[in-house]
$ cat work-v5.cif   # mmCIF, C-alpha atoms (C1' of nucleotides)
data_input
loop_
_atom_site.label_atom_id
_atom_site.label_comp_id
_atom_site.auth_asym_id
_atom_site.auth_seq_id
_atom_site.Cartn_x
_atom_site.Cartn_y
_atom_site.Cartn_z
CA MET D 1 -29.65 -54.67 11.12
CA PHE D 2 -32.18 -57.35 10.33
CA SER D 3 -31.93 -59.22 7.07
CA GLN D 4 -34.40 -58.91 4.26
CA THR D 5 -35.30 -62.54 4.83
CA VAL D 6 -36.31 -61.81 8.42
CA GLU D 7 -38.50 -58.97 7.25
CA TYR D 8 -40.18 -61.21 4.69
CA ALA D 9 -40.68 -64.05 7.14
CA LEU D 10 -42.31 -61.76 9.67
CA ARG D 11 -44.63 -60.30 7.07
CA ALA D 12 -45.64 -63.75 5.93
CA VAL D 13 -46.25 -65.03 9.44
CA CYS D 14 -48.20 -61.88 10.20
CA HIS D 15 -50.48 -62.57 7.27
CA LEU D 16 -50.90 -66.16 8.40
CA ALA D 17 -51.78 -65.01 11.89
CA TYR D 18 -54.73 -63.12 10.47
CA THR D 19 -56.05 -66.13 8.62
CA SER D 20 -55.11 -68.59 11.37
CA PRO D 21 -56.07 -71.33 11.86
CA GLY D 22 -56.90 -71.34 8.15
CA SER D 23 -54.26 -71.64 5.46
CA SER D 24 -53.14 -69.33 2.67
CA THR D 25 -51.59 -69.90 -0.70
CA THR D 26 -48.04 -68.73 -1.28
CA GLU D 27 -49.47 -66.48 -3.95
CA GLU D 28 -51.98 -64.96 -1.54
CA ILE D 29 -49.25 -64.26 0.98
CA ALA D 30 -47.00 -62.78 -1.69
CA ASN D 31 -49.71 -60.42 -2.85
CA SER D 32 -50.63 -59.20 0.58
CA THR D 33 -47.06 -58.81 1.80
CA LYS D 34 -45.48 -57.54 -1.42
CA VAL D 35 -42.75 -60.13 -1.24
CA PRO D 36 -41.41 -61.57 -4.53
CA ILE D 37 -43.31 -64.83 -4.79
CA ALA D 38 -40.39 -66.96 -5.95
CA TYR D 39 -38.27 -65.88 -3.03
CA LEU D 40 -41.14 -66.07 -0.59
CA SER D 41 -41.58 -69.72 -1.41
CA LYS D 42 -37.97 -70.31 -0.32
CA VAL D 43 -38.51 -68.41 2.90
CA LEU D 44 -41.65 -70.41 3.60
CA GLN D 45 -39.77 -73.63 2.95
CA GLY D 46 -37.32 -72.57 5.63
CA LEU D 47 -40.11 -71.74 8.04
CA ALA D 48 -41.64 -75.14 7.35
CA ARG D 49 -38.35 -76.92 8.01
CA SER D 50 -38.09 -75.10 11.33
CA GLY D 51 -41.59 -76.10 12.28
CA VAL D 52 -43.03 -72.61 12.38
CA VAL D 53 -45.44 -73.26 9.54
CA LYS D 54 -46.71 -76.36 7.82
CA SER D 55 -47.48 -76.81 4.16
CA GLN D 56 -50.13 -78.74 2.35
CA ARG D 57 -49.72 -79.58 -1.31
CA GLY D 58 -52.37 -79.93 -3.91
CA VAL D 59 -55.75 -78.41 -4.50
CA GLY D 60 -56.97 -76.41 -1.51
CA GLY D 61 -53.54 -76.63 0.06
CA GLY D 62 -51.31 -73.81 1.23
CA ILE D 63 -49.39 -72.66 4.25
CA SER D 64 -50.63 -72.41 7.81
CA LEU D 65 -49.17 -71.74 11.24
CA VAL D 66 -48.24 -74.69 13.42
CA LYS D 67 -48.92 -72.80 16.65
CA THR D 68 -51.66 -70.33 17.41
CA PRO D 69 -50.75 -66.63 17.14
CA GLU D 70 -50.97 -66.52 20.94
CA GLU D 71 -48.23 -69.11 21.27
CA LEU D 72 -45.92 -67.93 18.49
CA THR D 73 -43.32 -65.31 19.30
CA ILE D 74 -41.43 -63.01 16.99
CA LEU D 75 -38.22 -64.57 18.26
CA GLU D 76 -39.22 -68.01 17.03
CA VAL D 77 -39.80 -66.64 13.56
CA VAL D 78 -36.56 -64.69 13.51
CA ASN D 79 -34.52 -67.60 14.80
CA ALA D 80 -36.08 -69.89 12.23
CA VAL D 81 -34.72 -67.94 9.28
CA ASP D 82 -31.79 -65.92 10.57
CA PRO D 83 -30.92 -66.79 14.17
CA ILE D 84 -29.81 -64.17 16.65
CA VAL D 85 -26.36 -65.42 17.60
CA ARG D 86 -25.21 -64.32 21.01
CA ILE D 87 -21.54 -63.76 21.78
CA ALA D 88 -20.67 -66.74 23.93
CA SER D 89 -16.92 -66.29 24.08
CA CYS D 90 -14.13 -63.96 23.03
CA PRO D 91 -14.42 -63.41 19.26
CA LEU D 92 -10.64 -63.03 19.10
CA GLY D 93 -10.38 -66.60 20.30
CA LEU D 94 -8.01 -65.94 23.16
CA LYS D 95 -8.19 -68.59 25.84
CA ALA D 96 -7.31 -66.05 28.52
CA HIS D 97 -10.70 -64.49 27.94
CA GLY D 98 -12.70 -67.61 27.30
CA LYS D 99 -16.22 -67.08 28.60
CA ASN D 100 -15.31 -63.76 30.16
CA LEU D 101 -16.34 -61.18 27.65
CA CYS D 102 -14.34 -58.00 27.63
CA PRO D 103 -16.27 -54.75 28.24
CA LEU D 104 -16.61 -54.15 24.52
CA HIS D 105 -18.08 -57.52 23.65
CA ARG D 106 -20.16 -57.63 26.77
CA ARG D 107 -21.86 -54.46 25.58
CA LEU D 108 -22.41 -55.81 22.11
CA ASP D 109 -23.86 -58.97 23.58
CA ASN D 110 -26.07 -56.99 25.94
CA ALA D 111 -27.50 -55.16 22.96
CA MET D 112 -28.32 -58.45 21.29
CA ALA D 113 -29.77 -59.76 24.53
CA SER D 114 -32.18 -56.86 24.79
CA VAL D 115 -33.36 -57.42 21.25
CA GLU D 116 -33.72 -61.13 21.86
CA GLU D 117 -35.73 -60.49 24.99
CA ALA D 118 -38.03 -57.99 23.34
CA PHE D 119 -38.72 -60.49 20.57
CA ARG D 120 -39.25 -63.35 22.98
CA ASP D 121 -41.84 -61.33 24.85
CA THR D 122 -43.92 -60.49 21.81
CA THR D 123 -46.44 -62.90 20.34
CA LEU D 124 -47.96 -62.62 16.92
CA ALA D 125 -51.34 -62.25 18.58
CA GLU D 126 -50.17 -59.09 20.30
CA VAL D 127 -48.85 -57.70 17.07
CA ILE D 128 -52.05 -58.15 15.13
CA ALA D 129 -54.37 -57.25 18.00
CA GLU D 130 -52.77 -53.96 18.93
CA PRO D 131 -55.05 -50.99 18.31
CA THR D 132 -53.49 -48.78 15.69
CA THR D 133 -54.22 -46.69 12.68
CA SER D 134 -51.81 -48.78 10.63
CA ILE D 135 -52.66 -52.42 10.44
CA PRO D 136 -49.67 -54.68 9.93
CA LEU D 137 -49.00 -55.38 6.27
CA CYS D 138 -50.06 -53.09 3.54
CA GLU D 139 -52.88 -55.04 2.07
CA PHE D 140 -55.13 -56.51 4.67
CA PRO D 141 -55.21 -60.25 4.11
CA SER D 142 -58.20 -60.45 1.84
CA ALA D 143 -60.55 -61.41 4.65
CA ARG D 144 -61.12 -64.77 3.04
CA PRO D 145 -59.86 -67.18 5.72
CA SER D 146 -59.48 -69.91 3.16
CA ASN D 147 -61.15 -72.13 5.72
CA LYS D 148 -59.64 -75.40 4.68
CA LYS D 149 -57.93 -77.76 7.05
CA MET Z 1 -26.49 -59.13 13.85
CA PHE Z 2 -23.57 -56.77 13.56
CA SER Z 3 -21.34 -56.99 10.55
CA GLN Z 4 -17.79 -58.19 10.61
CA THR Z 5 -16.74 -54.72 9.56
CA VAL Z 6 -18.34 -53.21 12.66
CA GLU Z 7 -16.55 -55.69 14.85
CA TYR Z 8 -13.23 -54.83 13.20
CA ALA Z 9 -13.81 -51.09 13.43
CA LEU Z 10 -14.62 -51.32 17.13
CA ARG Z 11 -11.53 -53.38 17.84
CA ALA Z 12 -9.35 -50.91 15.96
CA VAL Z 13 -10.83 -47.90 17.71
CA CYS Z 14 -10.47 -49.67 21.02
CA HIS Z 15 -6.79 -50.14 20.36
CA LEU Z 16 -6.45 -46.51 19.37
CA ALA Z 17 -8.19 -45.44 22.58
CA TYR Z 18 -5.46 -47.12 24.56
CA THR Z 19 -2.70 -45.33 22.71
CA SER Z 20 -4.63 -42.06 22.44
CA PRO Z 21 -3.68 -39.34 21.84
CA GLY Z 22 -0.72 -41.10 20.21
CA SER Z 23 -0.99 -42.81 16.86
CA SER Z 24 -0.58 -46.41 15.75
CA THR Z 25 0.48 -48.02 12.53
CA THR Z 26 -2.07 -50.04 10.61
CA GLU Z 27 0.22 -52.99 11.16
CA GLU Z 28 0.31 -52.45 14.92
CA ILE Z 29 -3.47 -52.29 15.04
CA ALA Z 30 -3.80 -55.38 12.90
CA ASN Z 31 -1.49 -57.36 15.14
CA SER Z 32 -3.18 -56.38 18.35
CA THR Z 33 -6.72 -56.83 17.07
CA LYS Z 34 -6.14 -59.90 14.92
CA VAL Z 35 -7.83 -58.25 11.95
CA PRO Z 36 -6.49 -59.05 8.45
CA ILE Z 37 -4.23 -56.11 7.74
CA ALA Z 38 -5.29 -55.60 4.13
CA TYR Z 39 -8.93 -55.39 5.06
CA LEU Z 40 -8.25 -53.35 8.17
CA SER Z 41 -6.68 -50.67 6.02
CA LYS Z 42 -9.95 -50.38 4.11
CA VAL Z 43 -11.93 -50.16 7.32
CA LEU Z 44 -9.61 -47.47 8.61
CA GLN Z 45 -9.99 -45.56 5.36
CA GLY Z 46 -13.72 -45.58 5.98
CA LEU Z 47 -13.28 -44.39 9.54
CA ALA Z 48 -11.00 -41.62 8.28
CA ARG Z 49 -13.54 -40.52 5.68
CA SER Z 50 -16.17 -40.34 8.41
CA GLY Z 51 -13.91 -38.27 10.61
CA VAL Z 52 -13.59 -40.78 13.42
CA VAL Z 53 -9.86 -41.23 12.90
CA LYS Z 54 -7.23 -39.27 11.04
CA SER Z 55 -4.28 -40.65 9.16
CA GLN Z 56 -0.78 -39.43 8.73
CA ARG Z 57 1.38 -40.70 5.91
CA GLY Z 58 5.10 -41.16 5.87
CA VAL Z 59 7.69 -42.09 8.43
CA GLY Z 60 6.35 -41.95 11.97
CA GLY Z 61 2.83 -41.66 10.65
CA GLY Z 62 -0.14 -43.85 11.39
CA ILE Z 63 -3.72 -43.63 12.58
CA SER Z 64 -5.04 -41.73 15.56
CA LEU Z 65 -8.40 -40.78 17.02
CA VAL Z 66 -9.87 -37.41 16.13
CA LYS Z 67 -11.76 -37.12 19.43
CA THR Z 68 -10.64 -38.20 22.86
CA PRO Z 69 -11.91 -41.57 24.11
CA GLU Z 70 -14.14 -39.64 26.51
CA GLU Z 71 -15.90 -37.92 23.63
CA LEU Z 72 -16.12 -40.81 21.21
CA THR Z 73 -19.12 -43.11 21.45
CA ILE Z 74 -19.58 -46.62 20.15
CA LEU Z 75 -22.48 -45.35 18.07
CA GLU Z 76 -20.27 -42.95 16.16
CA VAL Z 77 -17.94 -45.78 15.23
CA VAL Z 78 -20.75 -48.11 14.23
CA ASN Z 79 -22.51 -45.46 12.17
CA ALA Z 80 -19.28 -44.61 10.42
CA VAL Z 81 -18.84 -48.06 8.93
CA ASP Z 82 -22.26 -49.68 8.94
CA PRO Z 83 -24.97 -47.25 10.00
CA ILE Z 84 -27.89 -48.33 12.14
CA VAL Z 85 -30.81 -47.50 9.89
CA ARG Z 86 -34.01 -46.81 11.72
CA ILE Z 87 -37.37 -47.63 10.16
CA ALA Z 88 -38.73 -44.22 9.31
CA SER Z 89 -41.74 -45.28 7.27
CA CYS Z 90 -43.66 -48.32 6.15
CA PRO Z 91 -41.21 -50.69 4.43
CA LEU Z 92 -44.04 -51.87 2.18
CA GLY Z 93 -44.23 -48.36 0.84
CA LEU Z 94 -47.93 -47.86 1.37
CA LYS Z 95 -48.91 -44.23 1.61
CA ALA Z 96 -51.76 -45.09 3.94
CA HIS Z 97 -49.20 -46.01 6.55
CA GLY Z 98 -46.66 -43.35 5.82
CA LYS Z 99 -44.91 -42.35 9.01
CA ASN Z 100 -47.26 -44.46 11.11
CA LEU Z 101 -45.47 -47.72 11.65
CA CYS Z 102 -47.64 -50.76 12.05
CA PRO Z 103 -47.25 -52.71 15.31
CA LEU Z 104 -44.81 -55.11 13.70
CA HIS Z 105 -42.44 -52.50 12.34
CA ARG Z 106 -42.78 -50.34 15.39
CA ARG Z 107 -41.44 -53.22 17.43
CA LEU Z 108 -38.57 -53.82 15.05
CA ASP Z 109 -37.74 -50.15 15.16
CA ASN Z 110 -37.95 -50.09 18.94
CA ALA Z 111 -35.41 -52.88 19.08
CA MET Z 112 -33.06 -50.87 16.90
CA ALA Z 113 -33.71 -47.78 18.97
CA SER Z 114 -32.68 -49.54 22.16
CA VAL Z 115 -29.45 -50.69 20.55
CA GLU Z 116 -28.80 -47.24 19.19
CA GLU Z 117 -29.36 -45.69 22.57
CA ALA Z 118 -27.12 -48.14 24.36
CA PHE Z 119 -24.37 -47.39 21.88
CA ARG Z 120 -24.88 -43.66 22.09
CA ASP Z 121 -24.51 -43.82 25.85
CA THR Z 122 -21.20 -45.64 25.83
CA THR Z 123 -17.92 -43.88 25.27
CA LEU Z 124 -14.68 -45.58 24.37
CA ALA Z 125 -13.24 -44.31 27.61
CA GLU Z 126 -15.85 -46.27 29.56
CA VAL Z 127 -15.11 -49.39 27.61
CA ILE Z 128 -11.39 -49.36 28.23
CA ALA Z 129 -11.62 -48.09 31.81
CA GLU Z 130 -14.06 -50.64 33.11
CA PRO Z 131 -12.52 -52.94 35.73
CA THR Z 132 -12.54 -56.46 34.40
CA THR Z 133 -10.55 -59.63 34.18
CA SER Z 134 -10.68 -59.48 30.41
CA ILE Z 135 -9.19 -56.39 28.90
CA PRO Z 136 -10.66 -55.41 25.58
CA LEU Z 137 -8.77 -56.88 22.66
CA CYS Z 138 -6.72 -60.00 22.95
CA GLU Z 139 -3.25 -58.59 22.85
CA PHE Z 140 -2.88 -55.52 24.97
CA PRO Z 141 -1.71 -52.73 22.69
CA SER Z 142 2.01 -53.08 23.12
CA ALA Z 143 2.27 -50.31 25.70
CA ARG Z 144 4.35 -48.29 23.34
CA PRO Z 145 2.24 -45.16 22.81
CA SER Z 146 4.09 -44.33 19.66
CA ASN Z 147 4.21 -40.80 20.99
CA LYS Z 148 4.29 -38.99 17.76
CA LYS Z 149 1.94 -36.19 16.86
"C1'" DG L 1 17.50 -35.65 -2.81
"C1'" DA L 2 17.70 -40.43 -1.68
"C1'" DA L 3 16.07 -43.91 1.26
"C1'" DT L 4 12.62 -45.44 4.05
"C1'" DA L 5 8.05 -45.62 6.32
"C1'" DA L 6 3.32 -45.41 5.72
"C1'" DT L 7 -1.19 -44.66 3.84
"C1'" DT L 8 -4.11 -44.64 -0.50
"C1'" DG L 9 -6.66 -46.40 -4.27
"C1'" DG L 10 -7.59 -49.65 -7.87
"C1'" DA L 11 -8.07 -54.28 -9.53
"C1'" DT L 12 -9.33 -58.58 -8.38
"C1'" DG L 13 -11.24 -62.87 -6.03
"C1'" DT L 14 -14.55 -65.50 -3.14
"C1'" DC L 15 -18.75 -66.47 -0.94
"C1'" DA L 16 -23.28 -65.92 1.08
"C1'" DA L 17 -27.72 -63.41 0.58
"C1'" DT L 18 -31.09 -62.33 -2.46
"C1'" DG L 19 -33.83 -63.32 -6.27
"C1'" DT L 20 -35.72 -65.87 -10.60
"C1'" DC L 21 -37.32 -69.74 -13.32
"C1'" DC L 22 -39.05 -74.18 -14.24
"C1'" DA L 23 -39.72 -79.15 -14.19
"C1'" DA L 24 -41.18 -82.59 -10.86
"C1'" DT L 25 -44.23 -83.98 -7.37
"C1'" DT L 26 -48.30 -84.23 -4.51
"C1'" DT L 27 -53.17 -83.83 -3.85
"C1'" DG L 28 -58.11 -82.98 -4.23
"C1'" DG L 29 -62.14 -82.97 -7.21
"C1'" DC L 30 -64.58 -84.46 -11.23
"C1'" DG N 1 -58.01 -91.95 -14.28
"C1'" DC N 2 -57.42 -87.21 -15.49
"C1'" DC N 3 -57.05 -82.37 -14.70
"C1'" DA N 4 -56.02 -78.48 -12.13
"C1'" DA N 5 -54.01 -76.54 -7.90
"C1'" DA N 6 -50.26 -76.09 -5.15
"C1'" DT N 7 -45.74 -76.96 -2.99
"C1'" DT N 8 -40.88 -78.68 -3.73
"C1'" DG N 9 -36.27 -78.70 -5.26
"C1'" DG N 10 -32.61 -77.77 -8.37
"C1'" DA N 11 -30.21 -74.72 -11.42
"C1'" DC N 12 -28.99 -70.34 -12.31
"C1'" DA N 13 -28.12 -64.98 -12.06
"C1'" DT N 14 -27.01 -60.89 -9.43
"C1'" DT N 15 -25.29 -58.21 -5.82
"C1'" DG N 16 -22.81 -56.71 -1.82
"C1'" DA N 17 -19.69 -58.09 2.09
"C1'" DC N 18 -15.38 -59.63 3.03
"C1'" DA N 19 -10.75 -60.13 1.73
"C1'" DT N 20 -6.11 -59.83 -0.78
"C1'" DC N 21 -2.46 -57.75 -3.47
"C1'" DC N 22 0.23 -54.18 -5.35
"C1'" DA N 23 1.65 -49.93 -7.60
"C1'" DA N 24 1.31 -45.06 -6.58
"C1'" DT N 25 1.58 -41.42 -3.43
"C1'" DT N 26 2.99 -38.80 0.62
"C1'" DA N 27 6.00 -37.62 4.29
"C1'" DT N 28 9.99 -37.94 7.41
"C1'" DT N 29 14.82 -38.36 8.22
"C1'" DC N 30 19.48 -38.33 7.11
#

$ encode --input "work-v5.cif" --output "C-alpha cells"
Amino acid sequence: MFSQTVEYALRAVCHLAYTSPGSSTTEEIANSTKVPIAYLSKVLQGLARSGVVKSQRGVGGGISLVKTPEELTILEVVNAVDPIVRIASCPLGLKAHGKNLCPLHRRLDNAMASVEEAFRDTTLAEVIAEPTTSIPLCEFPSARPSNKK
Amino acid sequence: MFSQTVEYALRAVCHLAYTSPGSSTTEEIANSTKVPIAYLSKVLQGLARSGVVKSQRGVGGGISLVKTPEELTILEVVNAVDPIVRIASCPLGLKAHGKNLCPLHRRLDNAMASVEEAFRDTTLAEVIAEPTTSIPLCEFPSARPSNKK
DNA sequence: GAATAATTGGATGTCAATGTCCAATTTGGC
DNA sequence: GCCAAATTGGACATTGACATCCAATTATTC
C-alpha cells in the first residue's frame, strides 16, 4: 500500500531524528537502515529537494534534518517522496458528479483521509521516543552523533 | 495509494451489484465503467479466479457476482486483485524485532488496519443503496438486468 | 451442425518504480 | 594547492503495472 520509496525515506528520516541536530553520511544511513546505498542517495536527493533534509558536501558533510524531530511529521516525509493524493473529483470524469463523490469514491477517499490524518498527527519525535522493546530501525544509529554543523 | 486495478475492479463489481443477480457482458461493464475493455477482461479474470465473480461463456453469457451485494464487501474485492498486505514482522528482517513492530512500523500497520477495517465493514449493497446525488459509476448500468441465469 | 456470442489465454508493448554505477563537483583539512 | 571525503547528476538495467490485440475455446440458438 505504501511504496518502497516511502519505507526507505521513513527509515532514513528516523535515523536522522536520532542523530539530530547532527548530520549523518549517506553511507551511515544506508548501513543502519539496510537500504541500498545507491538508491538511498536518490531518495535523499528527493527529500532535500522537498526541504525535509539538507545536504552538505565535502569532508565532514552529510545529511541532516531541516526541522527538529518535534516539528517533523510522518506526513511531511511521505508527501515529499510519494504524495498521498486525495480524490478531489469523480475519477470517471463525469461533470454531473464533479466535486460530489459517489458513495464508492467517498469511501475510498475517507480511507485515505484517515491515513493522512494519522500521519499528520505523528511527529518523528513521538516515533523515536515511544517506549518499546523494538527500537525503530534494526541497527541503532551508531550512537556517534557526528556532531558537525 | 490504491492501484488502478483496484479502482477498475470496484467499478466493475459496483456495476454488477446493480444488475445482480443478473449477469453483464464484459462490454457492457466496460461501457458503463469507462474501463478499457481489453484490460477489464483481465481484471475480471482475476476476480473470477478469486471467486468474487463467475463467468459464463457463449451466447447470453457474461459475468455475475457469486455472492449477493449484501454479502460482498469492498475488502473482498480489493484483496482479490491487489491484497492489502499487513506488516506482520520487522521489514528490516531483524530477528531481535521479530513480531514486535517498532513504533514506526506499528503506525504504518495501524494505518493499513484502519483501511482494512473500513473496507471490511462496507458491503456493495451499502454502496449502491446510499442516498446521494451522485450514483456510483458515471453511466448508470443501462437498466437492462440482462436477466439470464 | 452451423452461426453467433462470449470468455480465455498468450504474446506483445509501454512506462514508471526500483536499483546500480560512475564521473563530476564541492568542500574541509593539511 | 593538493588530497580525501562526500554529495550530485546522468546513464543505464530490471521489473512489475497497465494496456492492447487476437486466435482459440466454449456455449447457446436456430

$ atom_distance --input "work-v5.cif" --atom1 "atom CA of Arg57 of chain Z" --atom2 "atom C1' of DA5 of chain L"
8.3 Å

$ atom_distance --input "work-v5.cif" --atom1 "atom CA of Thr25 of chain D" --atom2 "atom CA of Gly58 of chain D"
10.6 Å

$ resolve_selection --input "work-v5.cif" --expression "the PyMOL selection byres ((chain D and resi 118) around 10)" --output "PyMOL selection string"
(chain D and resi 73-75+112-117+119-122) or (chain Z and resi 107-108+110-111)

$ resolve_selection --input "work-v5.cif" --expression "the PyMOL selection byres ((chain D) within 9 of (chain N))" --output "VMD selection string"
chain D and resid 25 to 26 41 45 55 to 62

$ closest_residue --input "work-v5.cif" --among "D:Lys42, D:Lys54, D:Arg11, D:Lys34" --to "chain L" --atoms "all atoms listed in the file"
D:Lys42

$ atom_distance --input "work-v5.cif" --atom1 "atom CA of Leu101 of chain Z" --atom2 "atom CA of Asp82 of chain D"
22.8 Å

$ interface_residues --input "work-v5.cif" --of "chain L" --to "chain Z" --cutoff "9 Å" --atoms "all atoms listed in the file" --output "list in words"
DT4, DA5, DA6, DT7 and DT8 of chain L

$ axis_aligned_box --input "work-v5.cif" --around "segment 18-23 of chain N" --padding-each-side "4 Å" --output "lines of an AutoDock Vina configuration file"
center_x = -6.9
center_y = -55.0
center_z = -2.3
size_x = 25.0
size_y = 18.2
size_z = 18.6

$ closest_residue --input "work-v5.cif" --among "D:Ser64, D:Gln4, D:Asn31, D:Thr123" --to "Val43 of chain D" --atoms "all atoms listed in the file"
D:Gln4

$ closest_residue --input "work-v5.cif" --among "D:Thr5, D:Ser32, D:Ser50, D:Ser20" --to "chain Z" --atoms "all atoms listed in the file"
D:Ser32

$ closest_residue --input "work-v5.cif" --among "Z:Ala125, Z:Val13, Z:Ala80, Z:Leu92" --to "chain D" --atoms "all atoms listed in the file"
Z:Leu92

$ resolve_selection --input "work-v5.cif" --expression "the PyMOL selection byres ((chain Z and resi 88) around 9)" --output "list in words"
Val85, Arg86, Ile87, Ser89, Cys90, Pro91, Gly98, Lys99, Asn100, Leu101 and Asp109 of chain Z

$ write_last_selection --input "work-v5.cif" --atoms "C-alpha atoms" --output "PDB file, in the coordinates of the input"
ATOM      1  CA  VAL Z  85     -30.810 -47.500   9.890  1.00  0.00           C
ATOM      2  CA  ARG Z  86     -34.010 -46.810  11.720  1.00  0.00           C
ATOM      3  CA  ILE Z  87     -37.370 -47.630  10.160  1.00  0.00           C
ATOM      4  CA  SER Z  89     -41.740 -45.280   7.270  1.00  0.00           C
ATOM      5  CA  CYS Z  90     -43.660 -48.320   6.150  1.00  0.00           C
ATOM      6  CA  PRO Z  91     -41.210 -50.690   4.430  1.00  0.00           C
ATOM      7  CA  GLY Z  98     -46.660 -43.350   5.820  1.00  0.00           C
ATOM      8  CA  LYS Z  99     -44.910 -42.350   9.010  1.00  0.00           C
ATOM      9  CA  ASN Z 100     -47.260 -44.460  11.110  1.00  0.00           C
ATOM     10  CA  LEU Z 101     -45.470 -47.720  11.650  1.00  0.00           C
ATOM     11  CA  ASP Z 109     -37.740 -50.150  15.160  1.00  0.00           C
TER      12      ASP Z 109
END

$ closest_residue --input "work-v5.cif" --among "D:Leu124, D:Ala38, D:Ala129, D:Cys102" --to "chain Z" --atoms "only C-alpha atoms"
D:Cys102

$ residues_around --input "work-v5.cif" --residues "Ala12 of chain Z" --least-positions-apart "4" --cutoff "7 Å" --atoms "only C-alpha atoms (C1' of nucleotides)" --output "PDB file with C-alpha atoms, keeping the file's coordinate frame"
ATOM      1  CA  TYR Z   8     -13.230 -54.830  13.200  1.00  0.00           C
ATOM      2  CA  LEU Z  16      -6.450 -46.510  19.370  1.00  0.00           C
ATOM      3  CA  ILE Z  29      -3.470 -52.290  15.040  1.00  0.00           C
ATOM      4  CA  THR Z  33      -6.720 -56.830  17.070  1.00  0.00           C
TER       5      THR Z  33
END

$ decode --input "work-v5.cif" --residues "segment 62-78 of chain D" --atoms "N, CA and C atoms" --output "CSV table (one decimal), in the first residue's frame"
chain,number,residue,atom,x,y,z
D,62,GLY,N,27.3,15.7,5.0
D,62,GLY,CA,26.3,14.6,5.2
D,62,GLY,C,24.9,15.2,5.1
D,63,ILE,N,24.0,14.4,5.7
D,63,ILE,CA,22.6,14.8,5.6
D,63,ILE,C,22.1,15.1,7.0
D,64,SER,N,21.3,16.1,7.1
D,64,SER,CA,20.6,16.4,8.4
D,64,SER,C,19.2,16.9,8.2
D,65,LEU,N,18.4,16.8,9.2
D,65,LEU,CA,17.0,17.3,9.2
D,65,LEU,C,17.0,18.8,9.1
D,66,VAL,N,16.0,19.3,8.4
D,66,VAL,CA,15.8,20.8,8.4
D,66,VAL,C,15.1,21.2,9.7
D,67,LYS,N,14.0,20.4,10.0
D,67,LYS,CA,13.2,20.7,11.2
D,67,LYS,C,13.8,19.8,12.4
D,68,THR,N,13.3,20.1,13.5
D,68,THR,CA,13.6,19.2,14.7
D,68,THR,C,12.6,18.1,14.6
D,69,PRO,N,12.9,16.9,15.2
D,69,PRO,CA,12.0,15.8,15.2
D,69,PRO,C,10.7,16.1,15.8
D,70,GLU,N,10.6,17.1,16.7
D,70,GLU,CA,9.3,17.5,17.2
D,70,GLU,C,8.4,18.2,16.2
D,71,GLU,N,9.1,18.8,15.2
D,71,GLU,CA,8.3,19.6,14.3
D,71,GLU,C,7.9,18.8,13.0
D,72,LEU,N,8.7,17.7,12.8
D,72,LEU,CA,8.6,17.0,11.5
D,72,LEU,C,7.5,15.8,11.7
D,73,THR,N,6.6,15.8,10.8
D,73,THR,CA,5.6,14.8,10.9
D,73,THR,C,5.8,13.7,9.8
D,74,ILE,N,5.3,12.5,10.0
D,74,ILE,CA,5.4,11.4,9.1
D,74,ILE,C,4.8,11.9,7.7
D,75,LEU,N,3.7,12.6,7.8
D,75,LEU,CA,3.0,13.0,6.6
D,75,LEU,C,3.9,13.9,5.7
D,76,GLU,N,4.7,14.7,6.3
D,76,GLU,CA,5.6,15.6,5.5
D,76,GLU,C,6.6,14.7,4.7
D,77,VAL,N,7.1,13.7,5.4
D,77,VAL,CA,8.1,12.8,4.8
D,77,VAL,C,7.4,12.0,3.6
D,78,VAL,N,6.3,11.5,3.9
D,78,VAL,CA,5.6,10.7,2.9
D,78,VAL,C,5.2,11.6,1.7
